[in-house]
Each structure stands twice: as C-alpha cells, then as structure tokens.
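Chemist: Please find one structure pasted underneath; my questions will follow.
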Amino acid sequence: MIVVVADDISGAAEIAGKAMEFGLRVRFICTFDGNLSVSGNPDILVIATNTRSYSEEEALTFNQLLARSLNHTSFRIFKKCDSVLRGYVLTELLPFARSANCTQILLQPANPEAGRCIKNGRYTINNQELHHTAFKDDPDFPATTSLVSQLLKIRNPLFFQSGSIDYKISDCSTGNDMQVLLSNADRSSTLFAGSTAFFGHYLKYIHGYEPKSGPIYSTGKPTIPFLLIAGSTHTSTSDTEQYFRDIKLTLHALPSELRQNQCSTGSIHSFATALEEQWKQNPEDGILLTIGEPRECFPQAAERLNERLCMTAKHLIAGLKLHSIYCTGGATAWQLIQEMRWTNLVPLHTLAPGVIRFEVENSPGTVLTIKPGSYSWGIRS
C-alpha cells in the first residue's frame, strides 16, 4: 500500500484522480486532528488534511501525530505538496522522514504539462518567473522570489533549524526529467514528495504501475437538484455565476449582515431557512451559494465567511435533502466536509484535471464534486 498525505483537500482529490488513471483501488480519508482509523487494504490510501492553513508550528505538531498514527513499515509514504510550494512543504516532511528512517527527501513540485517548471533553480509558469505571476499576491504565501531554494528557506524555518535531513530539488522541464530523477534515487532511504504530476511518474518508475488505457475524464451532467458552493474568489467563480444567469437559475449570496465581523448563529439560521422556503415555493434544478461582494477585510474574514457559507449549505442539504453537491475552492470544500463530518469519501471518477467526484461513505447516495478554485469544472452534458 502507498499512503499519500496532502496538506489540502483539493490536492488530495487530485492525487485520488491520478491513482484512478492507473486503475488502482483508492481509499480517501479526511482527518481533522491527525488521528485516523484505516480499514481494508487499498492500493492507495489518500489522507487529506488542512495543514496549509495552520501556522508552521501547528502543522509540524499535526504531522508528528499523523506520522505516529501511521507508524509501521507495511507501506510507502508519498507527501503531496503544492506545485508552487505554498505551505510548509519541508517542515511537514520531517515527521514522516524520521518515522521511516529516511536520510534524504526527494522533492519535485513541478508540473511541466501545465507549464510549471524549474529552470536554473528558478520556478517559472509558462516561461514567466513565479514572482511575476498572480502568486506574488497570494494572501498566505506570496511569491516574493522565483528562486526555489530561497522560497523554501522563507517558508520552512523550522526545517532548516533542525538540520537533520538532507533534501534534493532539481530542475525539471519535462516528464523525462522526472523519470531520470526517480530512476537515480536510492529507494530504501528516500522520502518522495511533490506534485500530482510527479506522483504519476512515481507510481510508474518506483512501483511499476502503468496507466490504464481509455478515456481519463467522464461526462458529468449534474444530478437534479444540485447545490453548488462557491467560496473561491478566482475569476472562474464569476464564470460560474454567469453560467447560472444564462440558464436562468438563481444565485444566492451571503447578505451584508452575514459579511460583518460579528454575526450570530441565529442570523445564519434565519438566512438559510428563508432560502429553503424560497426554493420550496419555486424549485429549480440548481442552487448557487456564494460569499458575494464586496470582499470583506476584517481579521480572518476569509475563514469566517467560509464558515458561514458552509453552515448555510449544511442547513440546505438537510432541509432540502440535496444529494448532489459541487464545491469550488479547497478551503470551502474542507469547511463543508468538516461541517458535515464527511470523513470517508469514495472516489468515483474525474470530470476534468483536478476535478474529482466522490460518494460520501457515511451518507449513501450523496455525491460531492471538488474543484480547485482556479480550475475549470469540465461539466458536460
């Protein structure tokens, strides 16, 4: 068995999609506290966490607990990281490297097929240096430099303070670069980590799996009625809103009283109840629930608005008995899963790159589709 640990839900979903491309049996577990209980013997166990949203110290502590939960030798660990190295990539690797007695970390975040490459030690996206792309304005991990070594030092001080494990990250502009890197690795003493693209090569060149033939992506017309929860601020959310307008479906945004610094649970309940009654009087095929404009800037605004959005969604899912749920944005998807306590998901198929459809194991008939904020839905009739 291969265990893959991801620091956010959308990255974990991408890994599940890649494993399905190889025809592998996948089990998908969300852990909110670092504890987990695993049953069965899948080919791939994907563990989704939300540690990218933690402080570095909190992320290290969480992964230490998770590593102890996984403390046996009957599997190999692969650590999924963000392709542009957001998060505490090296620091989160420390507990797993130590528990597996690895002396080296082999890290490759690149995804050449998506134009994300490392050239002469500098990260580029479609030949543009990282710190000149939109990632320079990331609210949590702004790309202040394109030098990979410098990015890692800025974001992982606890790793460099430990000084106990070496890491290697090399230039990568093609899939062949990944193949060469993996072919030359010492498998017995190396912990592998990187992008979903690197994971695909890892499955092939370290474990000998081959991708299955046939179409990768499935058609994905929504089951009616459906709820689409859009917490992402990416332009793709605006495209989704326009799609709803074009097909005459209703958009529902959090009202101004729910977008303030302080907001009562009763206000959220009242808003959700009003939406429920409105839909019962005029049922439609789909409901789009968004944070709305303007974007607020009080402390922890994004987290609080996401929580209110997902509390509203939880009410609607229960009250309207909705079983077809779409969620855009990793933070929003994680908040919804946490609200609903959906810890075990069963991957069904891939709609488009990174867009994965799951059945909720403890809610038979409920299907959740997760999309990273910047990706296309790929929903086709």
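Following the order of the structure tokens, chains are lettered A, B, ..., residues in each are numbered from 1, and ligands are numbered from 1.
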Within 10 Å of segment 45-64 of chain A, which residues of segment 133-224 of chain A come that close, and what is the closest atom pair and distance in Å for each? Count only C-alpha atoms and give it as JSON lines.
Modeler:
{"residue": "A:Asp140", "atom": "CA", "partner": "A:Ser53", "partner_atom": "CA", "distance": 8.2}
{"residue": "A:Phe141", "atom": "CA", "partner": "A:Arg52", "partner_atom": "CA", "distance": 9.7}
{"residue": "A:Arg155", "atom": "CA", "partner": "A:Glu56", "partner_atom": "CA", "distance": 8.4}
{"residue": "A:Asn156", "atom": "CA", "partner": "A:Glu56", "partner_atom": "CA", "distance": 7.5}
{"residue": "A:Pro157", "atom": "CA", "partner": "A:Glu56", "partner_atom": "CA", "distance": 8.6}
{"residue": "A:Leu158", "atom": "CA", "partner": "A:Glu56", "partner_atom": "CA", "distance": 7.6}
{"residue": "A:Phe159", "atom": "CA", "partner": "A:Leu60", "partner_atom": "CA", "distance": 9.5}
Chemist: Next, write the just-selected residues to a file, as a PDB file, in the first residue's frame, keeping N, CA and C atoms as the atom set.
Modeler:
ATOM      1  N   ASP A 140      -1.568  34.185   1.730  1.00  0.00           N
ATOM      2  CA  ASP A 140      -0.888  33.443   2.785  1.00  0.00           C
ATOM      3  C   ASP A 140       0.584  33.175   2.486  1.00  0.00           C
ATOM      4  N   PHE A 141       0.899  32.879   1.233  1.00  0.00           N
ATOM      5  CA  PHE A 141       2.271  32.534   0.854  1.00  0.00           C
ATOM      6  C   PHE A 141       2.663  33.294  -0.413  1.00  0.00           C
ATOM      7  N   ARG A 155       9.842  29.855   3.832  1.00  0.00           N
ATOM      8  CA  ARG A 155       8.603  29.230   4.289  1.00  0.00           C
ATOM      9  C   ARG A 155       8.803  28.085   5.271  1.00  0.00           C
ATOM     10  N   ASN A 156      10.024  27.613   5.457  1.00  0.00           N
ATOM     11  CA  ASN A 156      10.266  26.427   6.286  1.00  0.00           C
ATOM     12  C   ASN A 156      11.387  26.630   7.303  1.00  0.00           C
ATOM     13  N   PRO A 157      11.353  27.684   8.104  1.00  0.00           N
ATOM     14  CA  PRO A 157      12.464  27.917   9.045  1.00  0.00           C
ATOM     15  C   PRO A 157      12.675  26.763  10.023  1.00  0.00           C
ATOM     16  N   LEU A 158      11.616  26.104  10.474  1.00  0.00           N
ATOM     17  CA  LEU A 158      11.782  25.009  11.434  1.00  0.00           C
ATOM     18  C   LEU A 158      12.540  23.842  10.823  1.00  0.00           C
ATOM     19  N   PHE A 159      12.351  23.594   9.540  1.00  0.00           N
ATOM     20  CA  PHE A 159      13.090  22.516   8.877  1.00  0.00           C
ATOM     21  C   PHE A 159      14.580  22.829   8.876  1.00  0.00           C
TER      22      PHE A 159
END
Chemist: Any idea what's packed within 8 Å of Met1 of chain A, counting only C-alpha atoms, ignoring anything in its chain fewer than 5 positions away? Could you give it as JSON, numbers by chain?
Modeler: {"A": [41, 42, 43, 44, 45, 74, 75, 76]}
Chemist: Filtering to all heavy atoms, could you give me those residues as a PDB file, in the first residue's frame?
Modeler:
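Output below, filename selection_20.pdb:
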ATOM      1  N   ASN A  41      -7.594  -2.825   2.633  1.00  0.00           N
ATOM      2  CA  ASN A  41      -6.224  -2.833   2.111  1.00  0.00           C
ATOM      3  C   ASN A  41      -6.212  -2.275   0.690  1.00  0.00           C
ATOM      4  O   ASN A  41      -6.013  -3.011  -0.279  1.00  0.00           O
ATOM      5  CB  ASN A  41      -5.651  -4.249   2.139  1.00  0.00           C
ATOM      6  CG  ASN A  41      -4.179  -4.273   1.760  1.00  0.00           C
ATOM      7  OD1 ASN A  41      -3.445  -3.331   2.051  1.00  0.00           O
ATOM      8  ND2 ASN A  41      -3.751  -5.331   1.100  1.00  0.00           N
ATOM      9  N   PRO A  42      -6.417  -0.956   0.546  1.00  0.00           N
ATOM     10  CA  PRO A  42      -6.420  -0.367  -0.792  1.00  0.00           C
ATOM     11  C   PRO A  42      -5.010  -0.318  -1.371  1.00  0.00           C
ATOM     12  O   PRO A  42      -4.021  -0.489  -0.657  1.00  0.00           O
ATOM     13  CB  PRO A  42      -6.960   1.039  -0.540  1.00  0.00           C
ATOM     14  CG  PRO A  42      -6.495   1.346   0.848  1.00  0.00           C
ATOM     15  CD  PRO A  42      -6.589   0.038   1.602  1.00  0.00           C
ATOM     16  N   ASP A  43      -4.926  -0.081  -2.675  1.00  0.00           N
ATOM     17  CA  ASP A  43      -3.613   0.154  -3.281  1.00  0.00           C
ATOM     18  C   ASP A  43      -3.054   1.500  -2.835  1.00  0.00           C
ATOM     19  O   ASP A  43      -1.861   1.629  -2.554  1.00  0.00           O
ATOM     20  CB  ASP A  43      -3.731   0.143  -4.811  1.00  0.00           C
ATOM     21  CG  ASP A  43      -4.235  -1.181  -5.353  1.00  0.00           C
ATOM     22  OD1 ASP A  43      -3.719  -2.231  -4.926  1.00  0.00           O
ATOM     23  OD2 ASP A  43      -5.161  -1.155  -6.190  1.00  0.00           O
ATOM     24  N   ILE A  44      -3.945   2.498  -2.779  1.00  0.00           N
ATOM     25  CA  ILE A  44      -3.558   3.860  -2.413  1.00  0.00           C
ATOM     26  C   ILE A  44      -4.471   4.349  -1.299  1.00  0.00           C
ATOM     27  O   ILE A  44      -5.700   4.313  -1.439  1.00  0.00           O
ATOM     28  CB  ILE A  44      -3.681   4.833  -3.606  1.00  0.00           C
ATOM     29  CG1 ILE A  44      -2.940   4.299  -4.839  1.00  0.00           C
ATOM     30  CG2 ILE A  44      -3.178   6.222  -3.215  1.00  0.00           C
ATOM     31  CD1 ILE A  44      -1.450   4.315  -4.748  1.00  0.00           C
ATOM     32  N   LEU A  45      -3.883   4.799  -0.219  1.00  0.00           N
ATOM     33  CA  LEU A  45      -4.632   5.464   0.841  1.00  0.00           C
ATOM     34  C   LEU A  45      -4.283   6.945   0.777  1.00  0.00           C
ATOM     35  O   LEU A  45      -3.130   7.325   0.966  1.00  0.00           O
ATOM     36  CB  LEU A  45      -4.269   4.905   2.215  1.00  0.00           C
ATOM     37  CG  LEU A  45      -4.836   5.670   3.418  1.00  0.00           C
ATOM     38  CD1 LEU A  45      -6.354   5.639   3.427  1.00  0.00           C
ATOM     39  CD2 LEU A  45      -4.279   5.113   4.729  1.00  0.00           C
ATOM     40  N   SER A  74       4.588  -1.379   6.636  1.00  0.00           N
ATOM     41  CA  SER A  74       3.985  -2.168   5.564  1.00  0.00           C
ATOM     42  C   SER A  74       3.554  -1.312   4.376  1.00  0.00           C
ATOM     43  O   SER A  74       2.832  -1.784   3.504  1.00  0.00           O
ATOM     44  CB  SER A  74       2.768  -2.935   6.108  1.00  0.00           C
ATOM     45  OG  SER A  74       1.798  -2.029   6.587  1.00  0.00           O
ATOM     46  N   PHE A  75       3.976  -0.062   4.321  1.00  0.00           N
ATOM     47  CA  PHE A  75       3.593   0.805   3.215  1.00  0.00           C
ATOM     48  C   PHE A  75       4.688   1.827   2.962  1.00  0.00           C
ATOM     49  O   PHE A  75       5.606   2.007   3.762  1.00  0.00           O
ATOM     50  CB  PHE A  75       2.264   1.514   3.507  1.00  0.00           C
ATOM     51  CG  PHE A  75       2.246   2.262   4.814  1.00  0.00           C
ATOM     52  CD1 PHE A  75       2.850   3.502   4.945  1.00  0.00           C
ATOM     53  CD2 PHE A  75       1.637   1.713   5.935  1.00  0.00           C
ATOM     54  CE1 PHE A  75       2.845   4.186   6.134  1.00  0.00           C
ATOM     55  CE2 PHE A  75       1.622   2.390   7.135  1.00  0.00           C
ATOM     56  CZ  PHE A  75       2.224   3.628   7.236  1.00  0.00           C
ATOM     57  N   ARG A  76       4.580   2.503   1.823  1.00  0.00           N
ATOM     58  CA  ARG A  76       5.466   3.610   1.490  1.00  0.00           C
ATOM     59  C   ARG A  76       4.678   4.910   1.552  1.00  0.00           C
ATOM     60  O   ARG A  76       3.504   4.953   1.191  1.00  0.00           O
ATOM     61  CB  ARG A  76       6.038   3.432   0.077  1.00  0.00           C
ATOM     62  CG  ARG A  76       6.932   2.221  -0.089  1.00  0.00           C
ATOM     63  CD  ARG A  76       8.241   2.377   0.659  1.00  0.00           C
ATOM     64  NE  ARG A  76       9.030   3.503   0.204  1.00  0.00           N
ATOM     65  CZ  ARG A  76       9.936   3.426  -0.782  1.00  0.00           C
ATOM     66  NH1 ARG A  76      10.153   2.277  -1.392  1.00  0.00           N
ATOM     67  NH2 ARG A  76      10.619   4.488  -1.146  1.00  0.00           N
TER      68      ARG A  76
END
Chemist: When you look at Tyr202 of chain A with a cut-off of 12 Å (counting only C-alpha atoms), what residues show up, excluding the ones that are within fewer than 3 positions of it in the same chain? I need them as a count of residues only.
Modeler: 39
Chemist: I want to know what sits within 9 Å of segment 321-326 of chain A, based on only C-alpha atoms, with residues of the same chain fewer than 3 positions away left out; could you give that as a PyMOL selection string?
Modeler: chain A and resi 222-230+316-318+333+357+363-371
Chemist: Please run DSSP on the backbone and report, as a ChimeraX atom specification, all residues within segment 128-357 of chain A that come out as helix (DSSP H, G or I).
Modeler: /A:130-132,134-137,148-155,157-162,175-183,196-205,235-246,256-258,265-281,301-319,330-340
